[in-house]
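So this block is input.cif, mmCIF, C-alpha atoms:
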```
data_data
#
loop_
_atom_site.label_atom_id
_atom_site.label_comp_id
_atom_site.auth_asym_id
_atom_site.auth_seq_id
_atom_site.Cartn_x
_atom_site.Cartn_y
_atom_site.Cartn_z
CA MET A 1 0.00 0.00 0.00
CA THR A 2 1.49 3.26 -1.09
CA GLY A 3 -0.65 5.89 0.63
CA PRO A 4 -2.97 8.39 -1.00
CA VAL A 5 -3.67 8.34 -4.71
CA ASN A 6 -2.75 11.71 -6.11
CA GLU A 7 -3.23 11.28 -9.80
CA PRO A 8 -4.99 8.06 -10.56
CA PRO A 9 -3.74 6.75 -13.90
CA ALA A 10 -6.34 6.30 -16.57
CA GLY A 11 -7.08 2.98 -18.21
CA GLU A 12 -6.69 -0.59 -17.13
CA ARG A 13 -4.19 -0.02 -14.34
CA ALA A 14 -6.59 2.30 -12.49
CA VAL A 15 -8.05 -0.49 -10.35
CA ARG A 16 -4.63 -1.87 -9.51
CA HIS A 17 -3.58 1.61 -8.44
CA LEU A 18 -6.68 1.86 -6.26
CA LEU A 19 -5.99 -1.53 -4.69
CA ASP A 20 -2.45 -0.43 -3.81
CA ALA A 21 -3.68 2.75 -2.14
CA VAL A 22 -4.84 3.35 1.42
CA THR A 23 -6.92 6.45 0.74
CA LEU A 24 -8.36 8.39 -2.19
CA PRO A 25 -7.38 12.04 -2.93
CA CYS A 26 -10.57 13.08 -1.11
CA GLY A 27 -9.32 11.33 2.02
CA ALA A 28 -11.79 8.43 1.88
CA ASP A 29 -10.37 5.05 2.91
CA VAL A 30 -10.21 2.48 0.13
CA ASP A 31 -11.07 -0.63 2.19
CA PRO A 32 -14.53 0.51 3.34
CA LEU A 33 -15.36 1.45 -0.27
CA LEU A 34 -14.45 -2.03 -1.47
CA GLU A 35 -16.41 -3.47 1.45
CA GLN A 36 -19.43 -1.38 0.50
CA VAL A 37 -19.32 -2.66 -3.07
CA ALA A 38 -18.61 -6.28 -2.12
CA ASP A 39 -21.52 -6.26 0.33
CA GLY A 40 -23.84 -5.17 -2.47
CA HIS A 41 -24.27 -1.54 -1.41
CA ALA A 42 -22.55 0.18 -4.35
CA ALA A 43 -25.64 2.26 -5.00
CA ASP A 44 -26.10 3.36 -1.38
CA LEU A 45 -23.98 6.50 -1.55
CA ASP A 46 -23.52 8.57 1.60
CA ALA A 47 -23.55 12.37 1.63
CA HIS A 48 -19.84 12.66 0.85
CA GLN A 49 -19.93 10.06 -1.90
CA ARG A 50 -22.84 11.77 -3.65
CA ASP A 51 -20.64 14.84 -4.21
CA CYS A 52 -17.26 13.12 -4.67
CA VAL A 53 -15.99 12.13 -8.11
CA HIS A 54 -13.12 10.12 -6.59
CA CYS A 55 -15.41 7.96 -4.50
CA GLN A 56 -17.88 7.51 -7.34
CA ALA A 57 -15.12 6.51 -9.76
CA ALA A 58 -13.62 4.06 -7.26
CA ILE A 59 -17.02 2.52 -6.51
CA ALA A 60 -17.69 2.09 -10.23
CA GLU A 61 -14.31 0.41 -10.75
CA PHE A 62 -14.80 -1.89 -7.76
CA ALA A 63 -18.33 -2.79 -8.87
CA ALA A 64 -17.02 -3.99 -12.24
CA LEU A 65 -14.15 -5.82 -10.55
CA TRP A 66 -16.36 -7.58 -7.99
CA ALA A 67 -19.17 -8.60 -10.37
CA PRO A 68 -17.67 -12.06 -11.12
CA VAL A 69 -17.43 -12.79 -7.38
CA ALA A 70 -21.10 -11.99 -6.90
CA GLU A 71 -21.88 -14.16 -9.91
CA ALA A 72 -19.82 -17.06 -8.56
CA ALA A 73 -21.46 -16.73 -5.14
CA ALA A 74 -24.91 -16.87 -6.74
CA SER A 75 -24.21 -19.95 -8.85
CA PRO A 76 -25.77 -23.00 -7.19
CA VAL A 77 -23.60 -25.87 -5.96
CA PRO A 78 -25.81 -28.91 -5.43
CA ALA A 79 -24.78 -31.63 -3.01
CA PRO A 80 -23.47 -34.73 -4.77
CA PRO A 81 -26.19 -37.37 -5.13
CA GLY A 82 -26.11 -39.97 -2.40
CA LEU A 83 -24.35 -37.80 0.19
CA THR A 84 -27.19 -38.00 2.70
CA ALA A 85 -27.56 -41.75 2.14
CA ALA A 86 -23.81 -42.29 2.61
CA VAL A 87 -23.80 -40.31 5.86
CA MET A 88 -26.83 -42.13 7.28
CA SER A 89 -25.57 -45.56 6.30
CA GLN A 90 -22.27 -44.91 8.12
CA ILE A 91 -24.15 -43.68 11.19
CA ARG A 92 -26.32 -46.81 11.14
CA VAL A 93 -23.16 -48.91 11.12
CA LEU A 94 -21.96 -46.91 14.13
CA VAL A 95 -25.15 -47.65 16.08
CA ARG A 96 -25.07 -51.25 14.93
CA ASP A 97 -28.45 -51.37 13.33
CA VAL A 98 -29.46 -55.01 13.64
CA TRP A 99 -31.91 -57.27 11.90
CA TYR A 100 -34.75 -58.82 13.80
CA THR A 101 -36.21 -62.18 13.02
CA LEU A 102 -39.91 -61.84 12.62
CA GLN A 103 -41.00 -65.18 11.28
CA THR A 104 -39.70 -68.61 10.57
CA THR A 105 -41.39 -70.26 7.65
CA ASN A 106 -40.79 -73.60 6.02
CA LEU A 107 -38.89 -71.66 3.36
CA GLY A 108 -36.55 -69.94 5.86
CA PHE A 109 -36.41 -66.80 7.98
CA ILE A 110 -38.09 -63.53 7.19
CA ARG A 111 -36.14 -60.72 8.74
CA ILE A 112 -37.02 -57.06 8.59
CA ALA A 113 -34.75 -54.35 9.98
CA ALA A 114 -36.09 -52.68 13.07
CA ARG A 115 -35.53 -49.33 11.43
CA ILE A 116 -37.89 -50.33 8.59
CA VAL A 117 -40.61 -51.03 11.16
CA ALA A 118 -39.90 -47.65 12.75
CA ALA A 119 -39.95 -45.92 9.37
CA LEU A 120 -43.30 -47.51 8.50
CA ALA A 121 -44.68 -46.41 11.86
CA ARG A 122 -43.29 -42.90 11.40
CA ASP A 123 -44.63 -42.54 7.85
CA THR A 124 -48.04 -43.80 8.95
CA ALA A 125 -48.10 -41.35 11.85
CA ARG A 126 -47.36 -38.52 9.42
CA THR A 127 -50.56 -39.34 7.51
CA VAL A 128 -52.71 -38.58 10.54
CA PRO A 129 -54.40 -35.17 10.28
CA GLY A 130 -52.92 -32.76 12.80
CA VAL A 131 -49.49 -34.35 12.82
CA ARG A 132 -46.80 -31.90 11.77
CA VAL A 133 -43.85 -34.23 12.08
CA ALA A 134 -43.21 -37.67 13.55
CA PHE A 135 -40.09 -39.69 14.32
CA GLY A 136 -39.80 -43.33 15.29
CA ARG A 137 -37.21 -44.95 17.56
CA SER A 138 -36.53 -47.72 19.98
CA THR A 139 -38.07 -48.22 23.31
CA HIS A 140 -36.10 -49.06 26.39
CA SER A 141 -38.90 -51.15 27.80
CA LYS A 142 -38.61 -54.71 29.02
CA ILE A 143 -39.52 -56.06 25.66
CA ALA A 144 -36.65 -54.17 24.04
CA ALA A 145 -34.29 -55.76 26.54
CA LEU A 146 -35.82 -59.13 25.78
CA THR A 147 -35.38 -58.44 22.12
CA GLU A 148 -31.71 -57.73 22.59
CA ARG A 149 -31.23 -61.06 24.32
CA ALA A 150 -33.37 -62.81 21.76
CA THR A 151 -31.20 -61.49 18.98
CA PHE A 152 -28.10 -63.17 20.39
CA GLY A 153 -26.74 -60.24 22.27
CA HIS A 154 -26.76 -57.70 19.49
CA ARG A 155 -26.81 -54.32 21.12
CA HIS A 156 -28.86 -51.62 19.56
CA PRO A 157 -28.74 -48.48 21.68
CA HIS A 158 -30.55 -46.30 19.16
CA ALA A 159 -32.83 -48.96 17.75
CA ALA A 160 -35.83 -47.59 16.00
CA VAL A 161 -38.16 -50.16 17.46
CA GLY A 162 -38.14 -53.17 19.74
CA VAL A 163 -39.22 -56.28 17.90
CA LEU A 164 -39.49 -59.78 19.31
CA GLY A 165 -40.92 -62.40 17.04
CA ARG A 166 -44.25 -60.98 15.95
CA THR A 167 -44.39 -58.47 18.79
CA ALA A 168 -43.18 -54.89 18.55
CA VAL A 169 -42.94 -51.81 20.71
CA VAL A 170 -42.63 -48.55 18.84
CA ASP A 171 -41.81 -45.13 20.28
CA LEU A 172 -43.03 -42.17 18.27
CA ALA A 173 -42.13 -38.54 18.94
CA VAL A 174 -44.74 -36.32 17.38
CA ALA A 175 -45.28 -32.61 16.92
CA VAL A 176 -48.85 -31.63 16.21
CA THR A 177 -50.61 -28.63 14.75
CA TYR A 178 -52.17 -26.20 17.19
CA GLY A 179 -55.94 -26.55 17.44
CA ASP A 180 -56.34 -30.28 16.90
CA PRO A 181 -57.37 -32.27 20.00
CA VAL A 182 -54.05 -33.77 20.98
CA HIS A 183 -55.36 -36.92 22.64
CA GLU A 184 -57.51 -37.74 19.62
CA VAL A 185 -54.58 -37.24 17.27
CA ALA A 186 -52.44 -39.50 19.45
CA ARG A 187 -55.13 -42.18 19.59
CA ASP A 188 -55.55 -41.99 15.81
CA ILE A 189 -51.78 -42.44 15.41
CA GLN A 190 -51.80 -45.55 17.60
CA GLN A 191 -54.65 -47.16 15.68
CA ARG A 192 -53.25 -46.42 12.23
CA VAL A 193 -49.71 -47.54 13.12
CA ILE A 194 -50.97 -50.80 14.64
CA ALA A 195 -53.03 -51.49 11.51
CA THR A 196 -50.09 -50.71 9.21
CA LEU A 197 -47.66 -52.95 11.06
CA ARG A 198 -50.18 -55.78 11.14
CA ASN A 199 -51.03 -55.51 7.46
CA GLN A 200 -47.64 -54.69 5.99
CA VAL A 201 -45.20 -56.50 8.26
CA GLY A 202 -47.34 -59.17 9.88
CA LEU A 203 -46.66 -57.96 13.42
CA GLN A 204 -49.53 -59.27 15.53
CA THR A 205 -48.90 -57.51 18.83
CA VAL A 206 -47.85 -53.92 18.61
CA ALA A 207 -47.55 -51.34 21.39
CA VAL A 208 -47.28 -47.78 20.13
CA ASN A 209 -46.03 -45.20 22.63
CA VAL A 210 -46.82 -41.70 21.40
CA THR A 211 -45.05 -38.69 22.89
CA VAL A 212 -46.41 -35.34 21.77
CA ASP A 213 -43.53 -33.01 22.46
CA ASP A 214 -44.33 -29.88 20.51
CA ILE A 215 -47.25 -27.94 19.10
CA PHE A 216 -46.80 -25.79 16.03
CA THR A 217 -49.05 -22.99 14.85
CA ASP A 218 -49.49 -22.26 11.16
CA ASP A 219 -47.16 -19.28 11.65
CA ASP A 220 -44.30 -21.74 12.18
CA ARG A 221 -44.71 -23.09 8.71
CA MET B 1 -43.16 -38.17 -0.27
CA GLU B 2 -45.18 -35.58 1.57
CA PRO B 3 -43.89 -31.99 1.67
CA GLU B 4 -41.31 -31.51 4.41
CA PRO B 5 -42.83 -30.00 7.54
CA ALA B 6 -41.34 -26.74 8.68
CA VAL B 7 -39.93 -27.74 12.05
CA GLY B 8 -36.88 -25.92 13.31
CA ASP B 9 -33.35 -27.31 13.47
CA GLY B 10 -33.45 -27.02 17.27
CA TYR B 11 -36.40 -29.40 17.45
CA LEU B 12 -34.65 -31.87 15.13
CA VAL B 13 -31.43 -31.69 17.17
CA ALA B 14 -33.36 -32.43 20.36
CA ARG B 15 -35.07 -35.45 18.78
CA ALA B 16 -31.79 -36.68 17.30
CA ARG B 17 -30.25 -36.50 20.77
CA ASP B 18 -33.12 -38.63 22.04
CA GLY B 19 -32.05 -41.34 19.60
CA TYR B 20 -34.41 -40.63 16.72
CA LEU B 21 -32.08 -41.23 13.78
CA ASP B 22 -34.63 -40.07 11.25
CA ALA B 23 -34.64 -36.64 12.88
CA TYR B 24 -30.91 -36.46 12.23
CA GLU B 25 -31.48 -37.64 8.68
CA MET B 26 -33.75 -34.63 8.16
CA LEU B 27 -30.96 -32.36 9.42
CA VAL B 28 -28.52 -34.00 7.02
CA GLN B 29 -30.94 -33.50 4.13
CA ARG B 30 -31.24 -29.83 5.05
CA HIS B 31 -27.55 -29.10 5.47
CA SER B 32 -25.57 -31.52 3.29
CA ALA B 33 -25.53 -29.14 0.31
CA MET B 34 -24.09 -26.39 2.49
CA ALA B 35 -21.44 -28.71 3.95
CA TYR B 36 -20.36 -29.80 0.48
CA ARG B 37 -20.48 -26.31 -1.03
CA VAL B 38 -18.34 -24.77 1.71
CA ALA B 39 -15.87 -27.64 1.62
CA LEU B 40 -15.61 -27.37 -2.17
CA ARG B 41 -14.90 -23.65 -2.04
CA LEU B 42 -12.36 -24.09 0.73
CA CYS B 43 -10.43 -27.05 -0.65
CA GLY B 44 -11.07 -26.68 -4.37
CA ASN B 45 -11.78 -30.24 -5.46
CA HIS B 46 -14.81 -32.48 -5.52
CA HIS B 47 -13.35 -35.59 -3.88
CA ASP B 48 -11.92 -33.82 -0.86
CA ALA B 49 -15.10 -31.77 -0.55
CA GLN B 50 -17.26 -34.89 -0.53
CA ASP B 51 -15.02 -36.52 2.10
CA ILE B 52 -15.05 -33.41 4.27
CA ALA B 53 -18.84 -32.99 4.03
CA GLN B 54 -19.45 -36.65 4.85
CA ASP B 55 -16.98 -36.73 7.76
CA ALA B 56 -18.32 -33.46 9.14
CA LEU B 57 -21.94 -34.64 9.11
CA ILE B 58 -20.98 -37.89 10.86
CA ALA B 59 -18.80 -36.04 13.39
CA ALA B 60 -21.69 -33.67 14.10
CA TRP B 61 -23.91 -36.63 14.96
CA GLN B 62 -21.23 -38.23 17.12
CA ASN B 63 -20.84 -34.99 19.04
CA LEU B 64 -24.48 -34.00 19.35
CA ALA B 65 -24.17 -34.26 23.13
CA ARG B 66 -21.59 -31.47 23.06
CA PHE B 67 -23.66 -29.20 20.86
CA ARG B 68 -24.58 -26.01 22.72
CA ALA B 69 -28.25 -25.24 22.55
CA ASP B 70 -27.59 -21.48 22.39
CA SER B 71 -25.81 -21.93 19.07
CA SER B 72 -27.45 -22.78 15.76
CA PHE B 73 -26.90 -26.16 14.13
CA SER B 74 -25.74 -24.53 10.91
CA THR B 75 -23.15 -22.37 12.70
CA TRP B 76 -21.89 -25.48 14.45
CA LEU B 77 -21.71 -27.40 11.16
CA TYR B 78 -19.87 -24.49 9.51
CA GLN B 79 -17.32 -24.79 12.33
CA ILE B 80 -16.84 -28.52 11.81
CA VAL B 81 -16.60 -28.20 8.02
CA THR B 82 -14.07 -25.35 8.12
CA ARG B 83 -11.93 -27.19 10.71
CA ARG B 84 -11.91 -30.33 8.58
CA ALA B 85 -11.15 -28.40 5.43
CA LEU B 86 -8.28 -26.72 7.25
CA ASN B 87 -6.94 -30.11 8.31
CA LYS B 88 -7.22 -31.41 4.77
CA VAL B 89 -5.57 -28.37 3.21
CA THR B 90 -2.75 -28.22 5.77
CA ARG B 91 -2.52 -32.04 5.97
CA GLY B 92 -3.08 -32.11 9.68
CA ARG B 93 -0.63 -29.42 10.67
CA GLY B 94 -3.38 -28.40 13.03
CA ALA B 95 -2.69 -24.69 13.04
CA ASP B 96 -5.37 -22.39 14.33
CA LEU B 97 -7.50 -20.62 11.77
CA VAL B 98 -6.46 -17.20 12.98
CA ASP B 99 -2.80 -18.11 13.28
CA LEU B 100 -2.79 -19.10 9.65
CA LEU B 101 -3.50 -15.57 8.59
CA ASP B 102 0.11 -14.56 8.90
CA GLU B 103 1.46 -17.57 7.09
CA ALA B 104 2.47 -17.55 3.47
CA ALA B 105 -0.26 -18.15 0.92
CA ASP B 106 -1.38 -21.73 0.89
CA PRO B 107 -2.83 -22.10 -2.55
CA VAL B 108 -5.00 -25.03 -3.43
CA THR B 109 -3.88 -26.65 -6.64
CA GLY B 110 -6.30 -28.06 -9.15
CA PRO B 111 -9.56 -26.20 -8.64
CA ALA B 112 -12.68 -28.14 -9.48
CA ALA B 113 -13.05 -28.46 -13.20
CA GLN B 114 -16.66 -27.71 -13.91
CA ALA B 115 -17.27 -27.32 -17.60
CA GLU B 116 -20.49 -25.39 -17.16
CA ARG B 117 -18.79 -22.62 -15.28
CA ASN B 118 -17.99 -19.59 -17.31
CA LEU B 119 -14.57 -17.99 -17.45
CA ALA B 120 -15.38 -15.25 -14.96
CA VAL B 121 -16.46 -17.75 -12.35
CA ASP B 122 -13.36 -19.83 -13.07
CA ALA B 123 -11.26 -16.76 -12.47
CA VAL B 124 -12.96 -16.28 -9.11
CA THR B 125 -12.30 -19.92 -8.22
CA ASP B 126 -8.61 -19.48 -9.06
CA ALA B 127 -8.42 -16.21 -7.17
CA LEU B 128 -10.10 -17.78 -4.15
CA ALA B 129 -7.70 -20.73 -4.22
CA ALA B 130 -4.76 -18.33 -4.18
CA LEU B 131 -5.84 -16.79 -0.87
CA PRO B 132 -4.32 -17.96 2.43
CA PHE B 133 -6.74 -20.36 4.12
CA ALA B 134 -7.96 -17.98 6.82
CA GLN B 135 -8.73 -15.26 4.27
CA ARG B 136 -10.41 -17.78 1.99
CA THR B 137 -12.55 -18.92 4.91
CA VAL B 138 -13.84 -15.48 5.80
CA VAL B 139 -14.54 -14.68 2.15
CA VAL B 140 -16.43 -17.94 1.63
CA LEU B 141 -18.44 -17.58 4.84
CA HIS B 142 -19.29 -13.90 4.38
CA HIS B 143 -19.46 -13.28 0.63
CA PHE B 144 -20.53 -16.75 -0.54
CA GLU B 145 -22.58 -18.04 2.38
CA GLY B 146 -23.96 -14.67 3.45
CA LEU B 147 -22.99 -14.96 7.11
CA SER B 148 -22.72 -11.72 9.07
CA TYR B 149 -19.36 -10.64 10.51
CA ALA B 150 -20.57 -11.77 13.95
CA GLU B 151 -21.53 -15.19 12.61
CA VAL B 152 -18.21 -15.56 10.79
CA ALA B 153 -16.46 -14.63 14.03
CA GLU B 154 -18.41 -17.33 15.88
CA VAL B 155 -17.59 -19.97 13.27
CA THR B 156 -13.89 -19.10 13.16
CA ARG B 157 -13.69 -18.49 16.92
CA SER B 158 -12.40 -15.05 16.17
CA SER B 159 -13.62 -11.49 16.75
CA VAL B 160 -15.62 -9.15 14.53
CA PRO B 161 -12.71 -6.68 14.11
CA ALA B 162 -10.40 -9.59 13.20
CA VAL B 163 -12.91 -10.88 10.64
CA ARG B 164 -13.27 -7.41 9.16
CA SER B 165 -9.53 -7.00 8.92
CA HIS B 166 -9.11 -10.43 7.29
CA LEU B 167 -11.79 -9.46 4.79
CA PHE B 168 -10.08 -6.14 4.00
CA ARG B 169 -6.90 -7.99 3.08
CA ALA B 170 -8.69 -10.80 1.29
CA ARG B 171 -10.70 -8.42 -0.89
CA ARG B 172 -7.59 -6.56 -1.98
CA THR B 173 -5.81 -9.80 -2.86
CA LEU B 174 -8.87 -11.09 -4.71
CA GLY B 175 -9.19 -7.73 -6.47
CA VAL B 176 -5.59 -7.84 -7.70
CA LYS B 177 -6.06 -11.40 -9.01
CA LEU B 178 -9.31 -10.51 -10.74
CA GLU B 179 -7.79 -7.39 -12.22
CA GLU B 180 -4.99 -9.50 -13.72
CA TRP B 181 -7.59 -11.72 -15.30
CA ARG B 182 -9.64 -8.87 -16.86
#
```
Do you think you could lay out the structure here as structure tokens?
Amino acid sequence: MTGPVNEPPAGERAVRHLLDAVTLPCGADVDPLLEQVADGHAADLDAHQRDCVHCQAAIAEFAALWAPVAEAAASPVPAPPGLTAAVMSQIRVLVRDVWYTLQTTNLGFIRIAARIVAALARDTARTVPGVRVAFGRSTHSKIAALTERATFGHRHPHAAVGVLGRTAVVDLAVAVTYGDPVHEVARDIQQRVIATLRNQVGLQTVAVNVTVDDIFTDDDR
Amino acid sequence: MEPEPAVGDGYLVARARDGYLDAYEMLVQRHSAMAYRVALRLCGNHHDAQDIAQDALIAAWQNLARFRADSSFSTWLYQIVTRRALNKVTRGRGADLVDLLDEAADPVTGPAAQAERNLAVDAVTDALAALPFAQRTVVVLHHFEGLSYAEVAEVTRSSVPAVRSHLFRARRTLGVKLEEWR
């Protein structure tokens, strides 16, 4: 930085000269001018700038210089496909997502991942009117402990559901919309989830624990 | 798939801490593009950026218990991504973000080759890669991600005056590079 610009050279080196300077001939600092332009406020001239040819010229030069940066910043960079799936599959390995035996047939075992049962329960809960969002997870009830023993000691601390044979215990965390009778929504969730797990997975005995932990108004949307 | 309900990140973080993995999955869906985008702009190539984004999102889940409720999830993720990008770029030298400011330029070689980008945007990518890491970080967070000076300071564990001063220097360096290209 070489101090004030006394006679800014014309032509293509003008910007370089500005960038090497600390202040303009009018006394204005260069850095705040570049900041003003880079933050998108080139047109917001203050009282001094409105009357100052040096400031106006510098702002115009900086605006042209910075345009490609603004353009680059505005160009979208999508996430690579599969990134979310890759992250979640590694996390599921970390929590040791296990498979639960549901049925033994004369053709062999039918096993369905506990997280699939939880996902079915969650997606069913989301179809109930008044439900804003629902998540499914394991239960730490006795049956979950039994399940862990029954599955040969596999530990599953964040299991989405406890499944033992054809019996399941599902925990659902639910946020509902303000105005709907909460107990009726919860009851509706239990009935629909039980029906879904019976019909789609063949689980005969299902306990569905519903925790309503937030209420959203339409303003939250 | 039904439209995504508008629940806040704080709610999702709380559910994820309770063991609801699908709540965390929703957070990942919301923020994976940001994690990748920031990593790409900081390290300059797709493969490293993908690794950084993936590692950062897994590390965030592993450390959910340490997440401070008075912070925002995105600020926290910005922190993890920038730290990991720094480690990748400096190959684990482990220097502090702010300390790096006084080091020599640490240019990233081989910026992402994206055919659809026009020449001006390519010039910006090259100019960005030529900045020292700390200056690149504040430029990416403020001018590309739109974070305020206070937010950048929180992410980089720095102060607002320090961020502003880094930006002053970074803009001049970027300006000189862009002027050479014009």
Nearest to chain B: which of A:Thr177, A:Gln204, A:Gln56, A:Asn106 is it, counting all atoms listed in the file?
->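 Going through A:Thr177, A:Gln204, A:Gln56, A:Asn106 one by one, the smallest distance to chain B is for A:Thr177.
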Determine the residue membership of the PyMOL selection byres ((chain B) within 9 of (chain A)) for the file above and supply it as a VMD selection string.
-> chain B and resid 2 4 to 8 11 15 18 to 25 28 to 29 32 to 37 40 46 50 53 to 55 57 to 58 61 to 62 117 120 to 125 140 142 to 145 167 to 169 171 to 176 178 to 180 182
One decimal place gives the atom CA of B:Lys88-atom CA of B:Cys43 separation as 7.7 Å
For B:Arg83, which of B:Met26, B:Leu42, B:Leu147, B:Ala65 is the closest residue, counting all atoms listed in the file?
->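 Nearest candidate to B:Arg83 out of B:Met26, B:Leu42, B:Leu147, B:Ala65: B:Leu42.
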To one decimal place, how far is atom CA of B:Leu77 from atom CA of B:Val38 in Å?
->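 Rounded to one decimal, the two atoms are 10.4 Å apart.
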Distance in Å - atom CA of A:Thr217 versus atom CA of A:Pro129 |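 For atom CA of A:Thr217 relative to atom CA of A:Pro129, the distance reads 14.1 Å.
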Report as an mmCIF file with C-alpha atoms, in the frame of the given file all protein, DNA and RNA residues lying within 12 Å of A:Gln200, evaluated on all atoms listed in the file, omitting residues in the same chain fewer than 5 positions from it.
```cif
data_model
loop_
_atom_site.group_PDB
_atom_site.id
_atom_site.type_symbol
_atom_site.label_atom_id
_atom_site.label_comp_id
_atom_site.auth_asym_id
_atom_site.auth_seq_id
_atom_site.Cartn_x
_atom_site.Cartn_y
_atom_site.Cartn_z
ATOM 1 C CA ILE A 112 -37.020 -57.060 8.590
ATOM 2 C CA ILE A 116 -37.890 -50.330 8.590
ATOM 3 C CA VAL A 117 -40.610 -51.030 11.160
ATOM 4 C CA LEU A 120 -43.300 -47.510 8.500
ATOM 5 C CA ALA A 121 -44.680 -46.410 11.860
ATOM 6 C CA THR A 124 -48.040 -43.800 8.950
ATOM 7 C CA ARG A 192 -53.250 -46.420 12.230
ATOM 8 C CA VAL A 193 -49.710 -47.540 13.120
ATOM 9 C CA ILE A 194 -50.970 -50.800 14.640
ATOM 10 C CA ALA A 195 -53.030 -51.490 11.510
#
```
List the residues sitting within 12 Å of (-18.8, 9.9, -1.3) in the file's frame, using all atoms listed in the file, as a count of residues only.
-> 29
Report as lines of an AutoDock Vina configuration file the centre and the edge lengths, in Å to one decimal, of the axis-aligned box holding every listed atom of stretch 124-139 of chain A, padded by 3 Å on each side.
```
center_x = -45.5
center_y = -40.1
center_z = 15.4
size_x = 23.9
size_y = 22.3
size_z = 21.8
```
